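Here's the structure we're looking at; comments come further down.
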Amino acid sequence: MTTEPRDSYNPTEIEPRWQQRWDELGLHRTNLDSDPRPPFYLLTMYPYPSGDLHIGHWYIVTPTDAISRYRRMNGFNVFFPIGFDAFGLPAENAAIKSGMHPREWTYKNIDNMRRQFRTMGATFDWDKELITADPSYYRWEQWIFLKFMEKGLAYRKMAPVDWCPKDQVVLAREQVLGPDRVCWRCGTQVIKRDLEQWFFRTTAYADELLSYDGLEYPEPIKVMQTNWIGRSEGAEIKFVVAADEHQPGGQEIRVFTTRPDTLFGATFMVLAPEHPLVDELTAPDRKSEVEEYRFTARRKSEIDRLSADREKTGVPLGAQAINPINGERIPIWIADYVLLGYGTGAIMAVPAHDERDFAFAQKFGLPIRQVVAARGTDGAQGMYVAYVAHSPDEVLVNSGEFDGRPAPEGARAITTRLAQEDKGESAVTYRLRDWLVSRQRGWGAPIPVVYCEADPSCGMVTVPYEQLPVLLPTDIDNWPAQGNPLETHEAFLRTTCPRCGGPGRRETDTMDTFVDSSWYWWRYLSLGKEDGPVDPRRDEVWCPVEQYTGGAEHAVLHLMYARFFAKALNDLGVVHEREPWKRLFNQGQILGADGERMSKSRGNVQDPDELVSRYGADTVRLFLMFMGPWDQGGPWSPTGIEGIHRFLRRVWNVATDPHGVEQGDADAGRLPAGETASSAAEALHRQAHRALKKVTEDHAGYRWNTMISALMELTNRLIRLRGTEVAGRREWDEAIGLLLLMLAPIAPHISEELWSKRLATAGAEWSSIHTQAWPAFDETVIAESEVELPVQVNGKLRDLVRVPAGLSVIEIEQIVMARDKVRALVDGQEIVRVIQIPNRLVNVVTRPRA
Ligand SMILES: [Zn+2]
Ligand SMILES: [Zn+2]
């Protein structure tokens with residue numbers, strides 16, 4: 001009998017050694033073209049090279065790595081690449097501070113993060129690494145941009161856009177957050193500016209983006225995207241302006257409504273102050289008031305204008321429109337609660353059934369007419385009546401020949417009538433707007449367009465494909481604190497017009513970094529491809545991505561833009577699929593110990609390097625996986641990391657020295673009471689297979705924490721049997737082998753080291769544990785391994801409980817006493833004793849408390 005430590009667990013020696021060995025063997029280099037195994041494309045969100053990996057990176061990457069290792073052991077040809085989302089503002093801000101070119105800062109950070117990634121022991125295929133700031137990447141992004149232009153999916157237009165005054169850049173609608181309308185990056189409140197901008201036509205796919213058929217996405221992502229796209233069905237209705245003393249009338253004003261059944265209740269009309277007809281329709285005596293109102297409205301934020309509890313303002317134009325259903329003349333107003341960018345920029349106001357219209361009508365004394373009423377009521381209230389959306393229990397009133405019809409039917413009938421008379425039609429609208437992709441920044445992929453300065457008939461000319469990439473200048477020494485340095489960089493700016501050969505000026509806007517991240521997984525497959533962005537044969541084999549992992553924070557940004565790209569590139573014939581990923585998993589967020597988001601400024605950031613040097617990567621990996629369900633995250637607490645480390649040490653001890661015993665353990669070397677060597681060995685055999693079944697099932701649902709619990713229980717039994725006659729028997733050996741194989745995906749270094757020792761002891765040739773097949777559990781062993789026990793309370797049969805065979809008397813008693821039924825029956829009683837007939841019966845004997 002030996003005592004500890006004989007050969008102790010030393011992760012700082014083991015881990016770098018195996019990482020290097022795996023690299024040398026090319027264990028994780030994927031053959032993308034000719035491998036007989038089924039392909040499995042595993043993708044995790046590539047990081048922004050901010051400088052350091054934080055614990056959040058570990059929390060997403062290390063479990064994803066466990067998926068990769070597990071899939072390999074299950075016979076898949078796994079592709080698990082990594083790259084860097086290398087353009088973007090933080091690099092420019094760092095450049096302004098440090099005087100370094102953003103490129104220099106970015107690539108220095110990438111070097112550091114690469115080193116940190118290696119310490120995780122992640123199985124990335126580093127041969128396929130990509131960096132979006134490399135010309136070899138953005139060249140093909142520019143190519144895609146030109147293809148989008150050809151297809152009408154990219155266009156330029158003047159539009160009121162959201163502008164972040166701090167970052168000096170426009171934002172996509174998706175990048176303006178919350179009711180306060182703040183910049184997604186810096187939290188500054190955005191303002192509106194009119195600018196010429198580039199857009200991608202995401203709205204072309206609005207309907208298709210609403211379908212998640214065949215996709216396994218978390219429910220909240222689907223809900224957020226669906227709400228963002230905001231499809232509503234209704235009717236577009238044409239109102240015609242009535243002739244009056246000032247103008248001949250006849251102009252058409254289109255409105256969209258989801259409630260055509262309320263058309264008889266439209267008692268006035270409201271246009272956005274910016275509506276193009278306002279000037280034409282304003283009566284001369286109303287001009288100055290209208291002008292003044294428009295001026296004030298322009299300076300208000302959208303959120304102010306839309307807020308429901310704000311007092312309503314507006315002015316009449318002095319013109320009237322004709323309600324197409326009944327010929328009634330209704331006044332036309334302008335009011336800032338109607339926005340030009342939403343719908344048609346005009347509404348029919350139905351004050352009896354719309355809260356804001358009601359407030360407006362009350363304030364200005366406009367008529368209110370109820371036209372929908374609960375069945376059996378007369379609808380003569382003349383005030384605001386909330387209706388149930390499209391309820392058949394409500395009927396139309398005050399609606400001429402449509403009176404008495406259930407509301408949904410009335411809506412259809414009125415729409416049909418309008419369509420027959422060419423006064424309207426059923427229509428669908430979306431909240432989704434086209435994606436604004438141009439940015440006024442110097443560290444991004446240049447938009448490949450030239451403005452001819454020689455010949456006005458050339459105008460805007462696209463850069464010919466063979467001239468791509470349009471390279472970013474690398475010689476900007478002092479990055480300006482304000483504005484875009486490309487606008488003053490003569491060598492970049494001055495070029496020749498590709499059409500006429502005269503002088504031309506390059507577009508200085510660059511692309512939103514969300515464009516870079518909308519297609520990178522295709523390029524991982526196609527690195528070095530010189531005649532297109534995507535290798536079509538590899539796309540066919542590997543895509544769509546089988547599993548994507550990463551944060552949920554970009555639900556309507558990256559996670560929606562990428563879906564748009566898949567559809568657009570499919571329409572261009574570049575890829576064969578219309579969805580980028582089959583399965584999406586969003587991990588939870590690791591917060592600081594204070595429950596707040598980790599940030600340097602709060603000082604609550606946990607440095608993974610420090611933990612790794614203290615405990616080793618395997619401990620940190622397991623600790624993160626053991627925290628709780630993967631999609632939940634939670635506040636950081638290092639409590640328990642010692643326990644995980646101790647667990648791995650115990651694994652080490654039982655695997656390296658079956659006959660040793662823990663010091664100070666009184667039971668050491670003795671079989672549990674009542675056990676023979678063969679019954680204890682049999683119980684160990686059963687537990688190992690039960691654990692294998694549990695771990696295999698937990699892999700399907702990424703339930704790392706319960707998987708690790710099962711491995712701890714198995715290790716506990718091994719520890720208990722260490723030094724007894726069971727140690728070294730066939731069942732012992734099998735259990736140790738299974739334990740190591742089960743640990744391999746989650747704790748790759750210690751399992752590899754112990755596996756190699758085991759092979760050496762057996763005199764077998766070395767082969768990596770990570771190339772072994774995932775073991776199969778024996779169902780018959782597991783089936784035999786449970787017994788059903790009748791449970792009596794005071795001699796009466798009360799419950800049946802299934803327990804694993806081979807449990808001790810005490811373990812069985814604990815399970816029985818925890819049963820709800822038993823607890824209810826013995827509540828308030830004193831337990832006299834618990835009688836057990838092994839494998840046959842449990843009887844709980846109680847008496848009333850004295
Ligand atoms: Zn900002
Ligand atoms: Zn020209």
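Following the order of the structure tokens, chains are lettered A, B, ..., residues in each are numbered from 1, and ligands are numbered from 1.
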Let me have all residues with an atom within 10 Å of ligand 2, counting only C-alpha atoms and all ligand atoms, laid out as an NGL selection string.
:A and (450-461 or 496-504)
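By only C-alpha atoms, and with residues fewer than 3 positions from stretch 717-719 of chain A along its chain excluded, the set lying at most 8 Å from it is Arg650, Val654, Leu684, Glu713, Leu714, Arg722 and Trp732 of chain A.
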Would you list the residues that come within 9 Å of ligand 1? Count only C-alpha atoms and all ligand atoms and give the answer as a PyMOL selection string.
chain A and resi 163-171+182-190
From the options A:Phe647, A:Phe80, A:Phe239, A:Trp333, which residue's atoms come nearest to A:Leu711, counting only C-alpha atoms?
A:Phe647
Which residues are close to A:Glu233, i.e. within 9 Å by only C-alpha atoms, leaving aside same-chain residues fewer than 5 positions away? Reply as a PDB file with N, CA, C and O atoms, in the first residue's frame.
```
ATOM      1  N   THR A 257     -54.211  50.287 -43.263  1.00  0.00           N
ATOM      2  CA  THR A 257     -54.845  50.013 -41.982  1.00  0.00           C
ATOM      3  C   THR A 257     -54.949  48.508 -41.771  1.00  0.00           C
ATOM      4  O   THR A 257     -55.160  47.759 -42.724  1.00  0.00           O
ATOM      5  N   THR A 258     -54.779  48.103 -40.515  1.00  0.00           N
ATOM      6  CA  THR A 258     -55.001  46.689 -40.205  1.00  0.00           C
ATOM      7  C   THR A 258     -56.480  46.452 -39.923  1.00  0.00           C
ATOM      8  O   THR A 258     -56.902  45.322 -39.733  1.00  0.00           O
ATOM      9  N   ARG A 259     -57.258  47.547 -39.860  1.00  0.00           N
ATOM     10  CA  ARG A 259     -58.681  47.416 -39.524  1.00  0.00           C
ATOM     11  C   ARG A 259     -59.587  48.075 -40.561  1.00  0.00           C
ATOM     12  O   ARG A 259     -60.258  49.068 -40.277  1.00  0.00           O
ATOM     13  N   SER A 426     -56.398  44.523 -50.478  1.00  0.00           N
ATOM     14  CA  SER A 426     -55.783  43.975 -49.278  1.00  0.00           C
ATOM     15  C   SER A 426     -54.274  44.108 -49.407  1.00  0.00           C
ATOM     16  O   SER A 426     -53.727  44.061 -50.508  1.00  0.00           O
ATOM     17  N   ALA A 427     -53.610  44.316 -48.277  1.00  0.00           N
ATOM     18  CA  ALA A 427     -52.178  44.617 -48.312  1.00  0.00           C
ATOM     19  C   ALA A 427     -51.512  44.134 -47.033  1.00  0.00           C
ATOM     20  O   ALA A 427     -52.171  43.865 -46.043  1.00  0.00           O
ATOM     21  N   VAL A 428     -50.216  44.021 -47.133  1.00  0.00           N
ATOM     22  CA  VAL A 428     -49.415  43.583 -45.996  1.00  0.00           C
ATOM     23  C   VAL A 428     -48.321  44.619 -45.790  1.00  0.00           C
ATOM     24  O   VAL A 428     -47.754  45.114 -46.765  1.00  0.00           O
ATOM     25  N   THR A 429     -48.041  44.973 -44.559  1.00  0.00           N
ATOM     26  CA  THR A 429     -46.895  45.860 -44.321  1.00  0.00           C
ATOM     27  C   THR A 429     -45.945  45.214 -43.333  1.00  0.00           C
ATOM     28  O   THR A 429     -46.293  44.264 -42.645  1.00  0.00           O
ATOM     29  N   TYR A 430     -44.754  45.763 -43.290  1.00  0.00           N
ATOM     30  CA  TYR A 430     -43.711  45.252 -42.410  1.00  0.00           C
ATOM     31  C   TYR A 430     -43.092  46.406 -41.649  1.00  0.00           C
ATOM     32  O   TYR A 430     -43.003  47.515 -42.162  1.00  0.00           O
TER      33      TYR A 430
END
```
Given only C-alpha atoms as the counted atoms, nearest of A:Gln19, A:Thr474, A:Gln606, A:Ser808 to A:Phe117:
A:Gln19
Test item: residues at most 8 Å from A:Gly424, only C-alpha atoms, excluding those fewer than 2 positions along its chain, as an MDAnalysis selection string:
chainID A and resid 235:238 415 418:419 421:422 426
Distance query stretch 199-214 of chain A at most 7 Å, only C-alpha atoms, self and fewer than 6 positions along chain excluded, as JSON, numbers by chain
{"A": [153, 154, 155, 156, 226, 229, 432, 433, 434, 435, 436, 437, 564]}
Distance criterion (only C-alpha atoms): nearest to A:Val78 out of A:Glu196, A:Asp820, A:Glu546, A:Glu252
A:Glu546
If you count only C-alpha atoms, which residues fall within 9 Å of A:Arg703, apart from same-chain ones fewer than 3 positions away, as a ChimeraX atom specification?
/A:625,628-630,695,697-700,706-708
N, CA and C atoms of the current selection, written as a tab-separated table (two decimals), in the first residue's frame:
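In the end it all went to result25.tsv:
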```tsv
chain	number	residue	atom	x	y	z
A	625	MET	N	-18.51	24.58	-17.04
A	625	MET	CA	-19.60	23.70	-17.48
A	625	MET	C	-20.45	23.22	-16.31
A	628	GLY	N	-24.04	25.45	-14.15
A	628	GLY	CA	-25.49	25.34	-14.26
A	628	GLY	C	-25.81	25.15	-15.72
A	629	PRO	N	-27.10	25.17	-16.09
A	629	PRO	CA	-27.45	25.01	-17.51
A	629	PRO	C	-26.71	26.05	-18.36
A	630	TRP	N	-26.25	25.59	-19.51
A	630	TRP	CA	-25.37	26.42	-20.36
A	630	TRP	C	-26.07	27.69	-20.86
A	695	VAL	N	-24.26	10.26	-19.63
A	695	VAL	CA	-23.37	11.23	-20.28
A	695	VAL	C	-23.70	11.32	-21.78
A	697	GLU	N	-26.57	10.76	-23.20
A	697	GLU	CA	-27.82	11.52	-23.37
A	697	GLU	C	-27.61	13.00	-23.10
A	698	ASP	N	-26.79	13.31	-22.11
A	698	ASP	CA	-26.57	14.72	-21.78
A	698	ASP	C	-25.84	15.46	-22.90
A	699	HIS	N	-25.05	14.75	-23.69
A	699	HIS	CA	-24.39	15.41	-24.82
A	699	HIS	C	-25.42	15.91	-25.83
A	700	ALA	N	-26.51	15.18	-26.00
A	700	ALA	CA	-27.52	15.59	-26.97
A	700	ALA	C	-28.13	16.93	-26.60
A	706	THR	N	-25.03	18.16	-15.41
A	706	THR	CA	-25.49	16.87	-14.91
A	706	THR	C	-24.56	15.75	-15.40
A	707	MET	N	-23.96	15.96	-16.57
A	707	MET	CA	-22.98	15.01	-17.07
A	707	MET	C	-21.80	14.90	-16.10
A	708	ILE	N	-21.34	16.06	-15.66
A	708	ILE	CA	-20.18	16.06	-14.75
A	708	ILE	C	-20.56	15.43	-13.41
```
Got a sec: who's within 12 Å of A:Ser399, counting only C-alpha atoms, leaving out chain neighbours fewer than 6 positions off, as a PyMOL selection string?
chain A and resi 260-266+325-326+369-373+379+405-407+410-411+413-414
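Reported to one decimal place, the separation of atom CA of A:Tyr9 from atom CA of A:Asp609 is 19.1 Å.
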Quote the spacing between atom CA of A:Val223 and atom CA of A:Arg412 in Å to one decimal place.
27.8 Å
